[in-house]
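Reading through the structure tokens given below for one structure.
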Amino acid sequence: MRFPRHRPRVWTALALAVAASLATTTLDPQTAAAADEHNGADCAVPGSVPQVFESRLPDPFTKLDGTRVTTRAEWECRRAEIHELAERSVYGEKPAPPDSVTGTVSSSNITVNVTDQGRSTSFSASVDLPSGSGPFPAVVVYGGFGADTETIKSAGAAVISYDPFSVGAEGTSRGDKQGAFYDVYGSSSGTGLLMAWAWGTSRIIDVIEQSGGTILQADATGVTGCSRYGKGAFVAGAFDQRIDLTMPIESGTGGVPAFRGIAQESGSQPLDSAYGEQPWLGDAFGPHTGDPSTLPVDTHEIVGMIAPRGLLVMDNPHVDWLGARSGSVAALGGAEVYAALGARENISYWSDVQDGTHCATRSEWQGPLRQSIEAFLLDTGRAPGVFRISSGKSGDLSGWRDWQTPVLTGDGGGAPGDEDPGDEDPGDGDPGDEDPGEGTNGACTADYRTVNSWSGGFQGEVSVRNNGTGPLDGWSVDMTLASGQSISNLWNGESTGTSGSVTVRNTPWNGAVAADGTVTFGFVATGGPATEPDGVTCSSP
């Protein structure tokens with residue numbers, strides 16, 4: 001299932017459901033804006049950051065009160081907790097929407113004027129429209145370095161060239177930060193540059209929403225950037241739920257890669273180096289640079305904050321400094337949030353590239369880039385929903401977590417595209433939706449489907465269902481790959497063998513399956529076109 005890009009129908013319904021469970025107060029315009037930019041702004045979040053010592057990735061589904069999320073409405077307030085924890089310990093505060101945002105949108109330029117707390121500032125961005133007649137969706141490109149702009153325009157989206165340094169300048173000390181954000185909130189603000197840049201992106205969206213939608217569409221915005229700008233694009237997408245498609249590229253430490261993983265990944269930029277190189281991260285991150293196990297949050301949860309909206313993470317395994325192995329771990333961990341929301345196909349991760357040049361324009365990414373724009377900004381076609389992880393920088397999520405992924409119930413108010421997971425008809429004719437293979441021994445059933453395919457490989461997924469009336473304690477799936485095919489990456493399972501006859505068993509954290517419950521594992525196979533494995537059967541001890 002792919003959630004459509006129409007925020008007013010999808011996210012407003014969910015926000016209203018959450019708000020109704022909390023209070024029935026009338027929102028003033030500023031609070032109403034916050035409920036769009038941050039739908040969980042009204043959720044009650046404890047006022048202090050919990051002290052933790054957790055070497056593995058924290059459970060994104062366990063609330064601060066110790067209970068687990070079970071519904072999508074509950075997830076929105078759990079997301080608000082993650083939002084607050086990330087602000088307080090990683091990035092610094094993103095202020096509530098300002099008192100006043102005005103500006104203009106033309107076919108070549110956007111101007112932004114902000115007044116808040118008695119202080120004012122302004123900045124601008126350029127616009128490059130595609131051919132055809134508008135209004136157009138748009139992708140905000142950080143600093144001129146992001147996803148291929150020619151592919152963006154040829155897909156039918158405008159390019160907004162945004163200079164983040166005008167909002168938060170590099171080359172300054174933490175006590176004397178400069179730029180439009182700090183004009184308003186003070187040069188000694190503890191908010192780092194990444195969050196300041198995200199604030200600027202949000203203000204651009206404010207102006208687009210006010211413009212009447214004659215040139216740029218108000219409900220179809222993406223963001224992208226590479227390297228430091230990839231860090232910025234990632235944070236922008238996580239902290240503004242109006243952004244429909246987030247596309248960070250080679251973001252490195254402070255971006256997508258898991259902080260806990262970076263600390264153990266040889267050659268990656270150390271946390272203290274990223275913290276000290278520029279004031280990208282908030283001041284509060286400093287105490288955690290020597291021991292990320294003390295962080296109450298990690299980047300897989302920041303990935304989860306973007307769910308169920310579109311996310312395409314592009315990574316480079318050839319430059320150790322970028323921490324691509326930890327990037328794959330964070331993406332796989334965040335994908336579990338997408339899976340819990342029934343939107344697994346809305347996240348893609350691609351590090352299997354040949355050219356190792358930093359921030360190069362790569363042919364491998366043009367296809368998923370175009371597909372993502374069509375799916376999330378144009379509302380045509382299907383999201384790529386693919387994980388192409390370089391075998392040389394492949395992370396193992398099973399070694400980083402001891403929590404299970406729930407299936408979150410409820411539709412948040414009946415918004416289109418919010419069906420419960422598994423509602424899709426696999427026979428609708430879309431690529432990868434062939435009738436699934438199925439095998440059972442009575443205790444459990446294994447259902448296979450091809451998620452995506454390309455020349456020389458494919459991504460498969462197997463769902464294991466408990467057929468019994470009591471809990472399932474462990475499972476094992478047997479299958480036989482076609483000649484020449486080999487599993488290059490596997491998640492949510494432990495395999496014996498990678499080619500021919502393969503057995504995949506549960507990990508320590510997903511072996512217990514409730515009656516009529518389901519768990520999934522996925523894999524990438526190379527060595528030929530997508531072919532359904534033979535003899536896909538499930539058994540339980």
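Chain lettering (A, B, ...) mirrors the order of the structure tokens, residue numbering begins at 1 for each chain separately, and ligand numbering begins at 1 in order of display.
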Compile a residue-level contact table for stretch 246-363 of chain A against stretch 492-509 of chain A at a cut-off of 10 Å, reporting for every qualifying residue the shortest atom pair and its distance in Å to one decimal, with only C-alpha atoms counted, rows ordered by chain and ascending number, as a Markdown table.
```
| residue | atom | partner | partner_atom | distance |
| --- | --- | --- | --- | --- |
| A:Leu332 | CA | A:Asn492 | CA | 9.2 |
| A:Gly333 | CA | A:Asn492 | CA | 9.9 |
| A:Glu336 | CA | A:Asn492 | CA | 9.6 |
```
query = So which residues of stretch 291-512 of chain A fall under helix (DSSP H, G or I) by DSSP, listed as number ranges by chain?
reply = A: 292-294, 299-306, 320-322, 324-340, 344-346, 363-376, 391-393, 397-399
Restricting it to N, CA and C atoms, dump the selection as a short mmCIF file (atom, residue, chain, number, x, y, z; two decimals), in the first residue's frame.
```cif
data_model
loop_
_atom_site.label_atom_id
_atom_site.label_comp_id
_atom_site.auth_asym_id
_atom_site.auth_seq_id
_atom_site.Cartn_x
_atom_site.Cartn_y
_atom_site.Cartn_z
N PRO A 292 27.41 7.01 22.62
CA PRO A 292 26.06 7.16 22.07
C PRO A 292 25.02 6.27 22.75
N SER A 293 25.47 5.31 23.59
CA SER A 293 24.49 4.48 24.30
C SER A 293 23.68 5.31 25.28
N THR A 294 24.14 6.52 25.58
CA THR A 294 23.40 7.39 26.50
C THR A 294 22.33 8.20 25.78
N THR A 299 18.92 7.32 15.01
CA THR A 299 18.41 7.79 13.72
C THR A 299 17.40 6.87 13.06
N HIS A 300 17.36 5.59 13.44
CA HIS A 300 16.29 4.73 12.90
C HIS A 300 14.92 5.27 13.31
N GLU A 301 14.86 5.91 14.48
CA GLU A 301 13.60 6.51 14.91
C GLU A 301 13.32 7.82 14.18
N ILE A 302 14.39 8.53 13.77
CA ILE A 302 14.20 9.72 12.96
C ILE A 302 13.69 9.31 11.58
N VAL A 303 14.23 8.20 11.04
CA VAL A 303 13.66 7.63 9.81
C VAL A 303 12.19 7.33 10.02
N GLY A 304 11.85 6.73 11.18
CA GLY A 304 10.46 6.40 11.47
C GLY A 304 9.57 7.62 11.57
N MET A 305 10.12 8.77 11.95
CA MET A 305 9.33 10.00 12.00
C MET A 305 8.82 10.40 10.62
N ILE A 306 9.52 10.00 9.57
CA ILE A 306 9.11 10.34 8.21
C ILE A 306 7.97 9.46 7.74
N ASP A 320 34.50 5.29 3.28
CA ASP A 320 34.28 4.81 4.64
C ASP A 320 33.77 5.92 5.57
N TRP A 321 34.25 7.14 5.35
CA TRP A 321 33.91 8.28 6.19
C TRP A 321 32.40 8.47 6.30
N LEU A 322 31.65 8.01 5.28
CA LEU A 322 30.21 8.24 5.22
C LEU A 322 29.40 7.25 6.04
N ALA A 324 28.28 4.06 5.58
CA ALA A 324 27.13 3.46 4.88
C ALA A 324 26.59 2.22 5.58
N ARG A 325 27.45 1.46 6.26
CA ARG A 325 26.92 0.29 6.98
C ARG A 325 25.92 0.73 8.05
N SER A 326 26.27 1.75 8.81
CA SER A 326 25.35 2.27 9.82
C SER A 326 24.14 2.92 9.19
N GLY A 327 24.32 3.43 7.95
CA GLY A 327 23.17 3.97 7.22
C GLY A 327 22.16 2.88 6.88
N SER A 328 22.67 1.71 6.47
CA SER A 328 21.75 0.62 6.15
C SER A 328 21.04 0.12 7.40
N VAL A 329 21.74 0.10 8.54
CA VAL A 329 21.13 -0.34 9.80
C VAL A 329 19.98 0.60 10.17
N ALA A 330 20.22 1.91 10.07
CA ALA A 330 19.18 2.88 10.42
C ALA A 330 17.99 2.77 9.46
N ALA A 331 18.28 2.58 8.17
CA ALA A 331 17.18 2.46 7.20
C ALA A 331 16.36 1.20 7.45
N LEU A 332 17.04 0.09 7.74
CA LEU A 332 16.32 -1.15 8.02
C LEU A 332 15.50 -1.02 9.31
N GLY A 333 16.08 -0.36 10.32
CA GLY A 333 15.33 -0.16 11.56
C GLY A 333 14.13 0.74 11.35
N GLY A 334 14.32 1.84 10.62
CA GLY A 334 13.20 2.73 10.33
C GLY A 334 12.14 2.09 9.46
N ALA A 335 12.58 1.17 8.59
CA ALA A 335 11.62 0.47 7.74
C ALA A 335 10.62 -0.35 8.55
N GLU A 336 11.01 -0.72 9.78
CA GLU A 336 10.08 -1.44 10.64
C GLU A 336 8.90 -0.56 11.06
N VAL A 337 9.14 0.74 11.19
CA VAL A 337 8.03 1.65 11.47
C VAL A 337 7.11 1.73 10.26
N TYR A 338 7.70 1.83 9.07
CA TYR A 338 6.89 1.81 7.85
C TYR A 338 6.07 0.53 7.77
N ALA A 339 6.69 -0.61 8.09
CA ALA A 339 5.98 -1.88 8.04
C ALA A 339 4.84 -1.91 9.04
N ALA A 340 5.07 -1.39 10.24
CA ALA A 340 4.03 -1.37 11.27
C ALA A 340 2.84 -0.54 10.83
N ARG A 344 5.27 -0.29 3.98
CA ARG A 344 6.65 -0.73 3.80
C ARG A 344 7.23 -0.29 2.46
N GLU A 345 6.40 -0.22 1.42
CA GLU A 345 6.92 0.12 0.09
C GLU A 345 7.25 1.61 -0.06
N ASN A 346 6.91 2.41 0.95
CA ASN A 346 7.16 3.85 0.84
C ASN A 346 8.58 4.25 1.20
N SER A 363 23.61 6.85 -12.47
CA SER A 363 22.54 6.30 -13.29
C SER A 363 21.68 5.32 -12.50
N GLU A 364 22.26 4.64 -11.50
CA GLU A 364 21.50 3.66 -10.72
C GLU A 364 20.33 4.32 -9.98
N TRP A 365 20.45 5.60 -9.66
CA TRP A 365 19.44 6.26 -8.85
C TRP A 365 18.35 6.95 -9.67
N GLN A 366 18.56 7.07 -10.99
CA GLN A 366 17.59 7.81 -11.79
C GLN A 366 16.21 7.15 -11.80
N GLY A 367 16.19 5.81 -11.88
CA GLY A 367 14.91 5.10 -11.88
C GLY A 367 14.13 5.28 -10.60
N PRO A 368 14.71 4.93 -9.43
CA PRO A 368 13.96 5.13 -8.18
C PRO A 368 13.65 6.58 -7.89
N LEU A 369 14.50 7.50 -8.33
CA LEU A 369 14.22 8.92 -8.14
C LEU A 369 12.96 9.32 -8.91
N ARG A 370 12.89 8.94 -10.16
CA ARG A 370 11.72 9.26 -10.97
C ARG A 370 10.47 8.58 -10.40
N GLN A 371 10.59 7.31 -10.04
CA GLN A 371 9.45 6.60 -9.47
C GLN A 371 8.95 7.28 -8.20
N SER A 372 9.86 7.73 -7.36
CA SER A 372 9.47 8.36 -6.10
C SER A 372 8.75 9.68 -6.35
N ILE A 373 9.24 10.46 -7.30
CA ILE A 373 8.58 11.73 -7.63
C ILE A 373 7.19 11.47 -8.18
N GLU A 374 7.09 10.49 -9.06
CA GLU A 374 5.79 10.18 -9.64
C GLU A 374 4.81 9.69 -8.57
N ALA A 375 5.30 8.87 -7.65
CA ALA A 375 4.42 8.28 -6.64
C ALA A 375 3.99 9.29 -5.59
N PHE A 376 4.94 10.08 -5.08
CA PHE A 376 4.65 10.91 -3.90
C PHE A 376 4.37 12.37 -4.20
N SER A 391 26.91 -5.08 -0.75
CA SER A 391 27.36 -6.22 0.05
C SER A 391 28.56 -5.86 0.91
N GLY A 392 29.34 -4.85 0.50
CA GLY A 392 30.50 -4.45 1.27
C GLY A 392 30.17 -3.59 2.48
N LYS A 393 28.98 -3.02 2.51
CA LYS A 393 28.57 -2.16 3.63
C LYS A 393 27.15 -2.53 4.06
N LEU A 397 20.50 -5.75 11.01
CA LEU A 397 19.59 -5.19 12.00
C LEU A 397 19.37 -6.12 13.18
N SER A 398 19.40 -7.43 12.93
CA SER A 398 19.11 -8.37 14.01
C SER A 398 20.09 -8.25 15.17
N GLY A 399 21.30 -7.80 14.89
CA GLY A 399 22.27 -7.63 15.95
C GLY A 399 22.14 -6.32 16.70
#
```
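Contact shell of A:Asp291 at 9 Å (only C-alpha atoms; same-chain neighbours under 6 positions omitted): Phe53, Arg260 and Ala263 of chain A.
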Quick one: write out the picked residues with C-alpha atoms as a short mmCIF file (atom, residue, chain, number, x, y, z; two decimals), in the first residue's frame?
```
data_model
loop_
_atom_site.label_atom_id
_atom_site.label_comp_id
_atom_site.auth_asym_id
_atom_site.auth_seq_id
_atom_site.Cartn_x
_atom_site.Cartn_y
_atom_site.Cartn_z
CA PHE A 53 22.42 3.21 28.74
CA ARG A 260 25.42 3.74 17.85
CA ALA A 263 30.78 4.49 17.00
#
```
Pairwise distance, atom CA of A:Ser120 with atom CA of A:Trp199, equals 14.4 Å
Which residues are close to stretch 515-523 of chain A, i.e. within 8 Å by only C-alpha atoms, leaving aside same-chain residues fewer than 5 positions away? Reply as a ChimeraX atom specification. /A:405,459-472,487-493,510
If you run DSSP on the backbone, which residues of stretch 228-361 of chain A are strand (DSSP E), as a list in words?
Leu245, Thr246, Met247, Pro248, Ile249, Gly310, Leu311, Leu312, Val313, Met314, Ile347, Ser348, Tyr349 and Trp350 of chain A
Put those residues in a file: C-alpha atoms, as a short mmCIF file (atom, residue, chain, number, x, y, z; two decimals), in the first residue's frame.
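Once everything was written out, this is out27.cif:
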```
data_model
loop_
_atom_site.label_atom_id
_atom_site.label_comp_id
_atom_site.auth_asym_id
_atom_site.auth_seq_id
_atom_site.Cartn_x
_atom_site.Cartn_y
_atom_site.Cartn_z
CA LEU A 245 9.17 13.02 -0.22
CA THR A 246 12.56 13.11 1.53
CA MET A 247 15.71 12.17 -0.41
CA PRO A 248 18.98 12.42 1.57
CA ILE A 249 22.16 11.45 -0.28
CA GLY A 310 7.99 8.89 0.91
CA LEU A 311 11.66 8.32 1.73
CA LEU A 312 14.47 7.48 -0.70
CA VAL A 313 17.88 7.18 1.01
CA MET A 314 20.86 7.12 -1.36
CA ILE A 347 10.79 3.60 1.99
CA SER A 348 13.74 2.77 -0.27
CA TYR A 349 17.46 2.52 0.44
CA TRP A 350 20.09 2.25 -2.29
#
```
Could you give me, as a PDB file with N, CA and C atoms, in the first residue's frame, the residues within 6 Å of A:Thr71, counting only C-alpha atoms and dropping anything in the same chain fewer than 3 positions from it?
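Once written, around09.pdb looks like this:
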```pdb
ATOM      1  N   GLU A  74      -2.037   6.085  18.369  1.00  0.00           N
ATOM      2  CA  GLU A  74      -1.019   6.085  19.425  1.00  0.00           C
ATOM      3  C   GLU A  74       0.359   6.378  18.846  1.00  0.00           C
ATOM      4  N   LEU A 408       0.299  -2.014  13.629  1.00  0.00           N
ATOM      5  CA  LEU A 408      -0.536  -0.983  14.236  1.00  0.00           C
ATOM      6  C   LEU A 408      -1.904  -0.966  13.580  1.00  0.00           C
ATOM      7  N   THR A 409      -2.926  -0.979  14.395  1.00  0.00           N
ATOM      8  CA  THR A 409      -4.301  -1.055  13.900  1.00  0.00           C
ATOM      9  C   THR A 409      -4.928   0.323  13.858  1.00  0.00           C
ATOM     10  N   GLY A 410      -6.123   0.405  13.248  1.00  0.00           N
ATOM     11  CA  GLY A 410      -6.851   1.659  13.169  1.00  0.00           C
ATOM     12  C   GLY A 410      -6.480   2.418  11.927  1.00  0.00           C
TER      13      GLY A 410
END
```
_Show me, as a ChimeraX atom specification, the residues that have an atom within 8 Å of stretch 90-102 of chain A when counting only C-alpha atoms, minus same-chain residues fewer than 2 positions from it._
/A:30,33-34,85-88,104,112-117,190-192,194-196,199,203,206-207,210,280-285
With only C-alpha atoms as the counted atoms, please give the residues lying no more than 8 Å from A:Tyr229, apart from itself and same-chain residues fewer than 2 positions off, as a PDB file with C-alpha atoms, in the first residue's frame.
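To be explicit, this is the file written out as part_13.pdb:
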```
ATOM      1  CA  TYR A 142      19.868  22.140  -0.613  1.00  0.00           C
ATOM      2  CA  GLY A 143      22.908  24.132  -1.706  1.00  0.00           C
ATOM      3  CA  PHE A 145      23.897  19.401  -4.246  1.00  0.00           C
ATOM      4  CA  GLY A 146      21.149  16.807  -4.182  1.00  0.00           C
ATOM      5  CA  THR A 224      16.940  16.576  -1.168  1.00  0.00           C
ATOM      6  CA  GLY A 225      20.596  17.260  -0.527  1.00  0.00           C
ATOM      7  CA  CYS A 226      23.977  15.528  -0.525  1.00  0.00           C
ATOM      8  CA  SER A 227      26.678  15.304   2.148  1.00  0.00           C
ATOM      9  CA  LYS A 231      21.989  15.679   6.672  1.00  0.00           C
ATOM     10  CA  GLY A 232      19.881  18.800   6.335  1.00  0.00           C
ATOM     11  CA  ALA A 233      17.357  17.243   3.956  1.00  0.00           C
ATOM     12  CA  PRO A 248      18.977  12.422   1.572  1.00  0.00           C
ATOM     13  CA  SER A 251      24.507  12.114   4.520  1.00  0.00           C
TER      14      SER A 251
END
```
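Atom pair atom CA of A:Thr121 / atom CA of A:Gly200: separated by 11.0 Å.
If only C-alpha atoms are the atoms counted, then among A:Ser124, A:Ser131, A:Gln269, A:Thr221 the closest residue to A:Pro257 is A:Gln269.
In this model, the gap between atom CA of A:Tyr185 and atom CA of A:Gly118 comes to 10.2 Å.
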With distances taken over only C-alpha atoms, the candidate from A:Gln278, A:Thr480, A:Ser455, A:Asn316 nearest A:Gly171 is A:Gln278
